[in-house]
Amino acid sequence: MVSDVHNPASVIALRGVTRRFVSKSGVQAALDGVDLDIARGEVFGIIGPSGSGKSTLIRLLNRLETPSEGRVEVNGVDLSGLDARALSALRHKMGMIFQSFGLLSSKTALHNVAYALELAGTGTSGTRRQRALDLLDRVGLSAHAQKYPAQLSGGQKQRVAIARALANAPDILLCDEATSALDPEATQGILTLLAELNRELGLTIVLVTHEMEVVRQVCDRVAVLDHGRLAEVGTVEQVLFAPVSAAGRALSKHILPPPPDGVGEGAVTLTYFGEVVYSDALSAAVQGLQARFSVLSGQVSHLKSGPYGHMIVDMAGPHRAEALARLRARGVSVTEAVQ
C-alpha cells in the first residue's frame, strides 16, 4: 500500500479498491488494492500510461463501474449501499466530461446544456433555458448558443460539455482525458477554464490524463498509477521533482529537460520555487568566492502553486562547497547530477 502523506479529510475516498475484468486470456485486475483520499476543493490528477487503470478508477467514482473488492466513498457514503434513486441524485451532483465530448449532434449548444437539466427534472423550460444561457456565458460560448456541434471547434465542443456538466451545480467534476483530443491552444484554454471553476466555484476536480504537462499546470496533488497499482501520491512538486517510484520518474522525464551528454562529477541539479526563480541566487552564490559555474541545461516554468526553476549546472573551483551552501541557504534544492 502507498501511504498518502497529505491524508486530508476527504470528499472522495477509495479503500482497498480492486477491479477485475474477465478476458479471453483470463482474469485481469485493472485496479489492484488502491487506497486514495481526495480533499474537498482540490484539483487532483490521476496519471499513468495507457492501461494503467486511470479511466477505470474515475468510472468507479460515480458507479459507472463497481469495485470487485473494497469500497468507494463520497462525502463519507459508501456507494455500494446506494439504491437507484440515491445513485441518480449522486450523479447529478457529480459532473463528468470525456475526451469524446458526448454531445448530441441533433441539438444546439443551448439545448445540449438544457437537456441535462431536463433529464434531472429541474425547473421549467424557461428556467432551464436561462440556466443554460448563463452556463454558456460562463464558459465563454454565449455567442455560439444556437450552433450545432458540427459547427463548433474541438475546444468549443469541450466547453459545451463542461457547461452541461455544470448544469446541476455539481460539487465534483470528473474529467476523463478531457484535453487529449484538443490542439495545444484549445488545451490551454480548457485548462485555464478548469482552474477558474476550481477557484471561483470551489469545485473538487478529478482529472485523468496521461500528460504530465496537464498535471503541472492545474493540479494540486497527483496519483501515479502503474499497471493498476498506486505507485505514489503527492503534491505536483514532489512527484515532478522528487519521484519515489519508477513510474513517477518515467513521467517526470517527459517534462524536465534531460541532462546533457557527458555531465561531469562537478555538475549539480538546482531546483527552486517562488521568488527565488527571479532572483540572482546563482551569481550571488559565487560572488567573492573562488568558484565558477556554467549552465548545462534548464528551464523556468510554472506549477499551479507558482513559478519554478530547474537546471543542471557545472560548479567548480576551490570554494565550490561554500557556493553550494549559499544556494541552499537561499532555498535552492541542490543535488549531485551524477549519482
# chains A, B, ... in the order shown; residues from 1 in each chain; ligands from 1
>>> select_by_dssp(residues="segment 156-202 of chain A", states="alpha helix (DSSP H)", output="list in words")
Gln156, Lys157, Gln158, Arg159, Val160, Ala161, Ile162, Ala163, Arg164, Ala165, Pro184, Glu185, Ala186, Thr187, Gln188, Gly189, Ile190, Leu191, Thr192, Leu193, Leu194, Ala195, Glu196, Leu197, Asn198, Arg199, Glu200 and Leu201 of chain A
>>> residues_around(residues="Ser106 of chain A", least_positions_apart="4", cutoff="10 Å", atoms="only C-alpha atoms", output="list of chain:residue names")
A:His111, A:Asn112, A:Tyr148, A:Pro149, A:Ala150
>>> residues_around(residues="Gly155 of chain A", least_positions_apart="2", cutoff="9 Å", atoms="only C-alpha atoms", output="list in words")
Leu152, Ser153, Lys157, Gln158, Arg159, Val160, Thr179, Ala181, Leu182, Asp183, Glu185, Ala186, Thr187, Gly189 and Ile190 of chain A
>>> write_last_selection(atoms="all heavy atoms", output="short mmCIF file (atom, residue, chain, number, x, y, z; two decimals), in the first residue's frame")
data_model
loop_
_atom_site.label_atom_id
_atom_site.label_comp_id
_atom_site.auth_asym_id
_atom_site.auth_seq_id
_atom_site.Cartn_x
_atom_site.Cartn_y
_atom_site.Cartn_z
N LEU A 152 -18.90 23.62 -34.39
CA LEU A 152 -18.00 24.07 -33.33
C LEU A 152 -16.64 23.41 -33.46
O LEU A 152 -16.51 22.29 -33.95
CB LEU A 152 -18.60 23.75 -31.96
CG LEU A 152 -19.96 24.37 -31.64
CD1 LEU A 152 -20.48 23.81 -30.31
CD2 LEU A 152 -19.87 25.89 -31.59
N SER A 153 -15.60 24.11 -32.97
CA SER A 153 -14.27 23.52 -32.91
C SER A 153 -14.21 22.53 -31.75
O SER A 153 -15.12 22.46 -30.90
CB SER A 153 -13.22 24.62 -32.71
OG SER A 153 -13.37 25.19 -31.41
N LYS A 157 -16.53 22.53 -28.43
CA LYS A 157 -17.35 21.37 -28.03
C LYS A 157 -17.08 21.00 -26.58
O LYS A 157 -18.01 20.70 -25.82
CB LYS A 157 -17.05 20.18 -28.94
CG LYS A 157 -17.53 20.32 -30.37
CD LYS A 157 -17.09 19.12 -31.20
CE LYS A 157 -17.43 19.30 -32.66
NZ LYS A 157 -16.94 18.16 -33.49
N GLN A 158 -15.79 21.02 -26.18
CA GLN A 158 -15.48 20.66 -24.80
C GLN A 158 -16.02 21.70 -23.82
O GLN A 158 -16.43 21.36 -22.71
CB GLN A 158 -13.97 20.48 -24.63
CG GLN A 158 -13.57 19.75 -23.36
CD GLN A 158 -14.14 18.36 -23.26
OE1 GLN A 158 -15.34 18.19 -22.99
NE2 GLN A 158 -13.31 17.35 -23.48
N ARG A 159 -16.08 22.96 -24.23
CA ARG A 159 -16.66 23.98 -23.37
C ARG A 159 -18.17 23.75 -23.20
O ARG A 159 -18.72 23.96 -22.11
CB ARG A 159 -16.39 25.38 -23.94
CG ARG A 159 -14.95 25.82 -23.75
CD ARG A 159 -14.63 27.12 -24.45
NE ARG A 159 -13.24 27.47 -24.29
CZ ARG A 159 -12.74 28.24 -23.32
NH1 ARG A 159 -13.56 28.77 -22.42
NH2 ARG A 159 -11.45 28.50 -23.24
N VAL A 160 -18.84 23.33 -24.27
CA VAL A 160 -20.26 22.98 -24.15
C VAL A 160 -20.41 21.80 -23.18
O VAL A 160 -21.31 21.79 -22.32
CB VAL A 160 -20.86 22.62 -25.52
CG1 VAL A 160 -22.31 22.14 -25.35
CG2 VAL A 160 -20.83 23.82 -26.46
N THR A 179 -8.64 16.79 -22.35
CA THR A 179 -7.90 17.62 -23.32
C THR A 179 -7.15 16.79 -24.36
O THR A 179 -6.48 17.35 -25.22
CB THR A 179 -6.88 18.52 -22.59
OG1 THR A 179 -5.94 17.69 -21.87
CG2 THR A 179 -7.58 19.44 -21.60
N ALA A 181 -7.97 15.16 -26.99
CA ALA A 181 -8.35 15.29 -28.40
C ALA A 181 -8.18 16.72 -28.92
O ALA A 181 -8.58 17.00 -30.06
CB ALA A 181 -9.81 14.84 -28.59
N LEU A 182 -7.59 17.59 -28.13
CA LEU A 182 -7.53 19.01 -28.48
C LEU A 182 -6.13 19.43 -28.90
O LEU A 182 -5.13 18.83 -28.49
CB LEU A 182 -7.97 19.86 -27.29
CG LEU A 182 -9.36 19.54 -26.70
CD1 LEU A 182 -9.63 20.46 -25.52
CD2 LEU A 182 -10.44 19.67 -27.75
N ASP A 183 -6.06 20.49 -29.71
CA ASP A 183 -4.77 21.04 -30.08
C ASP A 183 -4.22 21.84 -28.90
O ASP A 183 -4.93 22.12 -27.94
CB ASP A 183 -4.88 21.90 -31.34
CG ASP A 183 -5.81 23.10 -31.17
OD1 ASP A 183 -5.73 23.79 -30.14
OD2 ASP A 183 -6.63 23.34 -32.08
N GLU A 185 -3.50 24.97 -28.29
CA GLU A 185 -4.17 26.22 -27.92
C GLU A 185 -5.49 25.94 -27.22
O GLU A 185 -5.81 26.56 -26.19
CB GLU A 185 -4.41 27.08 -29.16
CG GLU A 185 -5.05 28.43 -28.84
CD GLU A 185 -5.23 29.29 -30.08
OE1 GLU A 185 -4.81 28.88 -31.17
OE2 GLU A 185 -5.79 30.40 -29.95
N ALA A 186 -6.28 25.00 -27.76
CA ALA A 186 -7.54 24.65 -27.13
C ALA A 186 -7.32 24.00 -25.77
O ALA A 186 -8.07 24.24 -24.81
CB ALA A 186 -8.34 23.71 -28.03
N THR A 187 -6.29 23.18 -25.66
CA THR A 187 -5.95 22.55 -24.38
C THR A 187 -5.68 23.61 -23.32
O THR A 187 -6.18 23.52 -22.20
CB THR A 187 -4.72 21.64 -24.54
OG1 THR A 187 -5.07 20.52 -25.35
CG2 THR A 187 -4.23 21.13 -23.19
N GLY A 189 -6.74 26.66 -23.23
CA GLY A 189 -7.99 27.33 -22.87
C GLY A 189 -8.84 26.52 -21.91
O GLY A 189 -9.42 27.06 -20.96
N ILE A 190 -8.92 25.20 -22.13
CA ILE A 190 -9.71 24.34 -21.25
C ILE A 190 -9.08 24.26 -19.87
O ILE A 190 -9.77 24.30 -18.84
CB ILE A 190 -9.87 22.94 -21.86
CG1 ILE A 190 -10.72 23.01 -23.14
CG2 ILE A 190 -10.50 21.97 -20.86
CD1 ILE A 190 -12.13 23.52 -22.93
#
>>> select_by_dssp(residues="segment 76-240 of chain A", states="strand (DSSP E)", output="MDAnalysis selection string")
chainID A and resid 77:78 94:98 172:176 204:209 221:226 229:235
>>> residues_around(residues="Leu166 of chain A", least_positions_apart="5", cutoff="12 Å", atoms="only C-alpha atoms", output="PyMOL selection string")
chain A and resi 91-97+112-114+116-117+131-132+134-136+138-139+159-161+171-174+194+197-198+201+203+205
>>> closest_residue(among="A:Thr127, A:Gln290, A:Gln28, A:Ser279", to="Gly53 of chain A", atoms="only C-alpha atoms")
A:Gln28
>>> residues_around(residues="Gly70 of chain A", least_positions_apart="6", cutoff="6 Å", atoms="only C-alpha atoms", output="number ranges by chain")
A: 15-17
>>> atom_distance(atom1="atom CA of Asn75 of chain A", atom2="atom CA of Ile38 of chain A")
10.4 Å
>>> closest_residue(among="A:Ile12, A:Leu193, A:Val332, A:Val34", to="Tyr272 of chain A", atoms="only C-alpha atoms")
A:Val332
>>> residues_around(residues="Ala86 of chain A", least_positions_apart="6", cutoff="12 Å", atoms="only C-alpha atoms", output="ChimeraX atom specification")
/A:62-63,77-80,92-93
>>> write_last_selection(atoms="C-alpha atoms", output="PDB file, in the first residue's frame")
ATOM      1  CA  ASN A  62     -19.793   7.616  -9.949  1.00  0.00           C
ATOM      2  CA  ARG A  63     -20.570   3.895 -10.063  1.00  0.00           C
ATOM      3  CA  VAL A  77     -21.121   7.475   1.994  1.00  0.00           C
ATOM      4  CA  ASP A  78     -20.238   4.035   0.621  1.00  0.00           C
ATOM      5  CA  LEU A  79     -21.563   3.993  -2.950  1.00  0.00           C
ATOM      6  CA  SER A  80     -22.304   0.260  -2.801  1.00  0.00           C
ATOM      7  CA  HIS A  92     -26.467  14.821 -10.670  1.00  0.00           C
ATOM      8  CA  LYS A  93     -24.057  16.386  -8.147  1.00  0.00           C
TER       9      LYS A  93
END
>>> atom_distance(atom1="atom CA of Ala329 of chain A", atom2="atom CA of Val263 of chain A")
25.0 Å
>>> residues_around(residues="segment 253-256 of chain A", least_positions_apart="3", cutoff="9 Å", atoms="only C-alpha atoms", output="list in words")
Glu211, Met212, Glu213, Arg216, Leu240, Phe241, Gly248, Arg249, Ala250, Gly298, Gln299 and His310 of chain A
>>> write_last_selection(atoms="C-alpha atoms", output="CSV table (one decimal), in the first residue's frame")
chain,number,residue,atom,x,y,z
A,211,GLU,CA,0.1,14.1,-19.9
A,212,MET,CA,2.4,15.4,-17.1
A,213,GLU,CA,2.2,18.9,-18.6
A,216,ARG,CA,1.9,20.5,-13.9
A,240,LEU,CA,7.7,16.0,-10.6
A,241,PHE,CA,11.0,16.9,-8.8
A,248,GLY,CA,6.9,8.7,-11.4
A,249,ARG,CA,10.5,9.1,-12.6
A,250,ALA,CA,9.4,8.0,-16.1
A,298,GLY,CA,17.5,24.2,-17.5
A,299,GLN,CA,14.0,25.7,-17.7
A,310,HIS,CA,15.1,23.6,-12.7
>>> closest_residue(among="A:Gly309, A:Leu60, A:Gly102, A:Thr269", to="Ala165 of chain A", atoms="only C-alpha atoms")
A:Gly102
>>> atom_distance(atom1="atom CA of Ser125 of chain A", atom2="atom CA of Gly154 of chain A")
28.0 Å
>>> decode(residues="segment 29-160 of chain A", atoms="C-alpha atoms", output="PDB file, in the first residue's frame")
ATOM      1  CA  ALA A  29      -7.028  -6.602 -12.449  1.00  0.00           C
ATOM      2  CA  ALA A  30      -7.472  -3.103 -13.912  1.00  0.00           C
ATOM      3  CA  LEU A  31      -7.010  -1.792 -10.364  1.00  0.00           C
ATOM      4  CA  ASP A  32      -5.371  -3.658  -7.528  1.00  0.00           C
ATOM      5  CA  GLY A  33      -5.723  -2.643  -3.867  1.00  0.00           C
ATOM      6  CA  VAL A  34      -5.941   1.140  -4.339  1.00  0.00           C
ATOM      7  CA  ASP A  35      -6.225   3.388  -1.257  1.00  0.00           C
ATOM      8  CA  LEU A  36      -6.706   7.074  -2.012  1.00  0.00           C
ATOM      9  CA  ASP A  37      -8.068  10.296  -0.463  1.00  0.00           C
ATOM     10  CA  ILE A  38      -9.135  13.357  -2.441  1.00  0.00           C
ATOM     11  CA  ALA A  39      -9.728  16.567  -0.486  1.00  0.00           C
ATOM     12  CA  ARG A  40     -12.640  18.919  -0.969  1.00  0.00           C
ATOM     13  CA  GLY A  41     -11.811  21.800  -3.287  1.00  0.00           C
ATOM     14  CA  GLU A  42      -8.572  20.458  -4.736  1.00  0.00           C
ATOM     15  CA  VAL A  43      -7.672  19.655  -8.321  1.00  0.00           C
ATOM     16  CA  PHE A  44      -6.453  16.080  -8.137  1.00  0.00           C
ATOM     17  CA  GLY A  45      -4.629  14.476 -11.044  1.00  0.00           C
ATOM     18  CA  ILE A  46      -4.592  10.771 -11.864  1.00  0.00           C
ATOM     19  CA  ILE A  47      -1.786   9.998 -14.275  1.00  0.00           C
ATOM     20  CA  GLY A  48      -0.222   6.960 -15.851  1.00  0.00           C
ATOM     21  CA  PRO A  49       0.331   5.327 -19.229  1.00  0.00           C
ATOM     22  CA  SER A  50      -2.415   3.651 -21.244  1.00  0.00           C
ATOM     23  CA  GLY A  51      -3.675   0.543 -19.479  1.00  0.00           C
ATOM     24  CA  SER A  52      -2.651   1.710 -16.006  1.00  0.00           C
ATOM     25  CA  GLY A  53      -6.265   1.837 -14.762  1.00  0.00           C
ATOM     26  CA  LYS A  54      -6.924   5.587 -14.866  1.00  0.00           C
ATOM     27  CA  SER A  55     -10.289   5.518 -16.638  1.00  0.00           C
ATOM     28  CA  THR A  56     -11.474   2.548 -14.582  1.00  0.00           C
ATOM     29  CA  LEU A  57     -10.711   4.483 -11.412  1.00  0.00           C
ATOM     30  CA  ILE A  58     -12.661   7.562 -12.442  1.00  0.00           C
ATOM     31  CA  ARG A  59     -15.651   5.450 -13.525  1.00  0.00           C
ATOM     32  CA  LEU A  60     -15.708   3.889 -10.073  1.00  0.00           C
ATOM     33  CA  LEU A  61     -16.263   7.313  -8.542  1.00  0.00           C
ATOM     34  CA  ASN A  62     -19.793   7.616  -9.949  1.00  0.00           C
ATOM     35  CA  ARG A  63     -20.570   3.895 -10.063  1.00  0.00           C
ATOM     36  CA  LEU A  64     -20.300   3.521 -13.826  1.00  0.00           C
ATOM     37  CA  GLU A  65     -18.058   0.688 -12.638  1.00  0.00           C
ATOM     38  CA  THR A  66     -18.411  -1.361  -9.452  1.00  0.00           C
ATOM     39  CA  PRO A  67     -15.363  -2.499  -7.462  1.00  0.00           C
ATOM     40  CA  SER A  68     -14.678  -6.215  -7.240  1.00  0.00           C
ATOM     41  CA  GLU A  69     -13.296  -5.587  -3.750  1.00  0.00           C
ATOM     42  CA  GLY A  70     -13.055  -2.610  -1.439  1.00  0.00           C
ATOM     43  CA  ARG A  71     -15.265   0.436  -1.229  1.00  0.00           C
ATOM     44  CA  VAL A  72     -15.631   3.882  -2.775  1.00  0.00           C
ATOM     45  CA  GLU A  73     -16.934   6.673  -0.527  1.00  0.00           C
ATOM     46  CA  VAL A  74     -18.189  10.120  -1.490  1.00  0.00           C
ATOM     47  CA  ASN A  75     -18.787  12.511   1.396  1.00  0.00           C
ATOM     48  CA  GLY A  76     -18.409   9.525   3.721  1.00  0.00           C
ATOM     49  CA  VAL A  77     -21.121   7.475   1.994  1.00  0.00           C
ATOM     50  CA  ASP A  78     -20.238   4.035   0.621  1.00  0.00           C
ATOM     51  CA  LEU A  79     -21.563   3.993  -2.950  1.00  0.00           C
ATOM     52  CA  SER A  80     -22.304   0.260  -2.801  1.00  0.00           C
ATOM     53  CA  GLY A  81     -25.105   0.971  -0.337  1.00  0.00           C
ATOM     54  CA  LEU A  82     -26.997   3.413  -2.580  1.00  0.00           C
ATOM     55  CA  ASP A  83     -30.268   2.430  -4.250  1.00  0.00           C
ATOM     56  CA  ALA A  84     -31.078   3.577  -7.795  1.00  0.00           C
ATOM     57  CA  ARG A  85     -32.710   6.818  -6.665  1.00  0.00           C
ATOM     58  CA  ALA A  86     -29.858   7.813  -4.346  1.00  0.00           C
ATOM     59  CA  LEU A  87     -27.300   6.921  -7.000  1.00  0.00           C
ATOM     60  CA  SER A  88     -29.104   9.098  -9.551  1.00  0.00           C
ATOM     61  CA  ALA A  89     -29.071  12.015  -7.092  1.00  0.00           C
ATOM     62  CA  LEU A  90     -25.342  11.493  -6.510  1.00  0.00           C
ATOM     63  CA  ARG A  91     -24.590  11.546 -10.229  1.00  0.00           C
ATOM     64  CA  HIS A  92     -26.467  14.821 -10.670  1.00  0.00           C
ATOM     65  CA  LYS A  93     -24.057  16.386  -8.147  1.00  0.00           C
ATOM     66  CA  MET A  94     -21.014  14.883  -9.868  1.00  0.00           C
ATOM     67  CA  GLY A  95     -20.451  16.286 -13.359  1.00  0.00           C
ATOM     68  CA  MET A  96     -18.356  14.386 -15.879  1.00  0.00           C
ATOM     69  CA  ILE A  97     -16.636  15.336 -19.114  1.00  0.00           C
ATOM     70  CA  PHE A  98     -14.995  12.996 -21.610  1.00  0.00           C
ATOM     71  CA  GLN A  99     -12.383  13.075 -24.358  1.00  0.00           C
ATOM     72  CA  SER A 100     -15.108  12.455 -26.958  1.00  0.00           C
ATOM     73  CA  PHE A 101     -17.327  15.354 -25.722  1.00  0.00           C
ATOM     74  CA  GLY A 102     -20.505  13.218 -25.840  1.00  0.00           C
ATOM     75  CA  LEU A 103     -22.721  15.961 -27.292  1.00  0.00           C
ATOM     76  CA  LEU A 104     -25.993  15.265 -29.072  1.00  0.00           C
ATOM     77  CA  SER A 105     -25.398  16.151 -32.724  1.00  0.00           C
ATOM     78  CA  SER A 106     -29.091  16.951 -33.314  1.00  0.00           C
ATOM     79  CA  LYS A 107     -29.218  19.615 -30.594  1.00  0.00           C
ATOM     80  CA  THR A 108     -27.695  23.083 -30.431  1.00  0.00           C
ATOM     81  CA  ALA A 109     -25.159  24.015 -27.777  1.00  0.00           C
ATOM     82  CA  LEU A 110     -28.011  25.645 -25.815  1.00  0.00           C
ATOM     83  CA  HIS A 111     -30.216  22.556 -25.975  1.00  0.00           C
ATOM     84  CA  ASN A 112     -27.331  20.214 -25.121  1.00  0.00           C
ATOM     85  CA  VAL A 113     -26.877  22.067 -21.841  1.00  0.00           C
ATOM     86  CA  ALA A 114     -30.598  22.466 -21.162  1.00  0.00           C
ATOM     87  CA  TYR A 115     -31.146  18.766 -21.833  1.00  0.00           C
ATOM     88  CA  ALA A 116     -29.087  17.872 -18.750  1.00  0.00           C
ATOM     89  CA  LEU A 117     -31.499  19.937 -16.660  1.00  0.00           C
ATOM     90  CA  GLU A 118     -34.478  18.354 -18.369  1.00  0.00           C
ATOM     91  CA  LEU A 119     -33.205  14.853 -17.562  1.00  0.00           C
ATOM     92  CA  ALA A 120     -32.831  15.870 -13.914  1.00  0.00           C
ATOM     93  CA  GLY A 121     -36.374  17.264 -13.885  1.00  0.00           C
ATOM     94  CA  THR A 122     -35.114  20.694 -12.919  1.00  0.00           C
ATOM     95  CA  GLY A 123     -37.297  23.792 -13.355  1.00  0.00           C
ATOM     96  CA  THR A 124     -39.486  24.879 -16.232  1.00  0.00           C
ATOM     97  CA  SER A 125     -38.434  25.103 -19.874  1.00  0.00           C
ATOM     98  CA  GLY A 126     -37.922  28.846 -19.398  1.00  0.00           C
ATOM     99  CA  THR A 127     -35.718  28.491 -16.309  1.00  0.00           C
ATOM    100  CA  ARG A 128     -33.770  25.680 -17.945  1.00  0.00           C
ATOM    101  CA  ARG A 129     -33.126  27.854 -20.992  1.00  0.00           C
ATOM    102  CA  GLN A 130     -31.902  30.751 -18.853  1.00  0.00           C
ATOM    103  CA  ARG A 131     -29.670  28.465 -16.784  1.00  0.00           C
ATOM    104  CA  ALA A 132     -28.193  27.029 -19.981  1.00  0.00           C
ATOM    105  CA  LEU A 133     -27.561  30.513 -21.392  1.00  0.00           C
ATOM    106  CA  ASP A 134     -25.862  31.551 -18.141  1.00  0.00           C
ATOM    107  CA  LEU A 135     -23.623  28.499 -18.229  1.00  0.00           C
ATOM    108  CA  LEU A 136     -22.658  29.019 -21.868  1.00  0.00           C
ATOM    109  CA  ASP A 137     -21.727  32.568 -20.952  1.00  0.00           C
ATOM    110  CA  ARG A 138     -19.704  31.195 -18.021  1.00  0.00           C
ATOM    111  CA  VAL A 139     -17.605  29.051 -20.356  1.00  0.00           C
ATOM    112  CA  GLY A 140     -17.228  31.784 -22.976  1.00  0.00           C
ATOM    113  CA  LEU A 141     -19.708  30.489 -25.571  1.00  0.00           C
ATOM    114  CA  SER A 142     -22.678  32.845 -25.332  1.00  0.00           C
ATOM    115  CA  ALA A 143     -22.207  33.808 -28.994  1.00  0.00           C
ATOM    116  CA  HIS A 144     -22.430  30.154 -30.067  1.00  0.00           C
ATOM    117  CA  ALA A 145     -25.584  29.076 -28.231  1.00  0.00           C
ATOM    118  CA  GLN A 146     -27.535  28.310 -31.418  1.00  0.00           C
ATOM    119  CA  LYS A 147     -24.767  26.390 -33.164  1.00  0.00           C
ATOM    120  CA  TYR A 148     -24.776  22.613 -33.546  1.00  0.00           C
ATOM    121  CA  PRO A 149     -21.743  20.516 -32.521  1.00  0.00           C
ATOM    122  CA  ALA A 150     -20.669  20.093 -36.164  1.00  0.00           C
ATOM    123  CA  GLN A 151     -20.294  23.887 -36.363  1.00  0.00           C
ATOM    124  CA  LEU A 152     -18.000  24.074 -33.334  1.00  0.00           C
ATOM    125  CA  SER A 153     -14.266  23.518 -32.912  1.00  0.00           C
ATOM    126  CA  GLY A 154     -12.945  20.825 -30.595  1.00  0.00           C
ATOM    127  CA  GLY A 155     -12.255  23.325 -27.824  1.00  0.00           C
ATOM    128  CA  GLN A 156     -15.738  24.830 -28.192  1.00  0.00           C
ATOM    129  CA  LYS A 157     -17.347  21.370 -28.033  1.00  0.00           C
ATOM    130  CA  GLN A 158     -15.483  20.660 -24.805  1.00  0.00           C
ATOM    131  CA  ARG A 159     -16.662  23.983 -23.369  1.00  0.00           C
ATOM    132  CA  VAL A 160     -20.259  22.980 -24.151  1.00  0.00           C
TER     133      VAL A 160
END
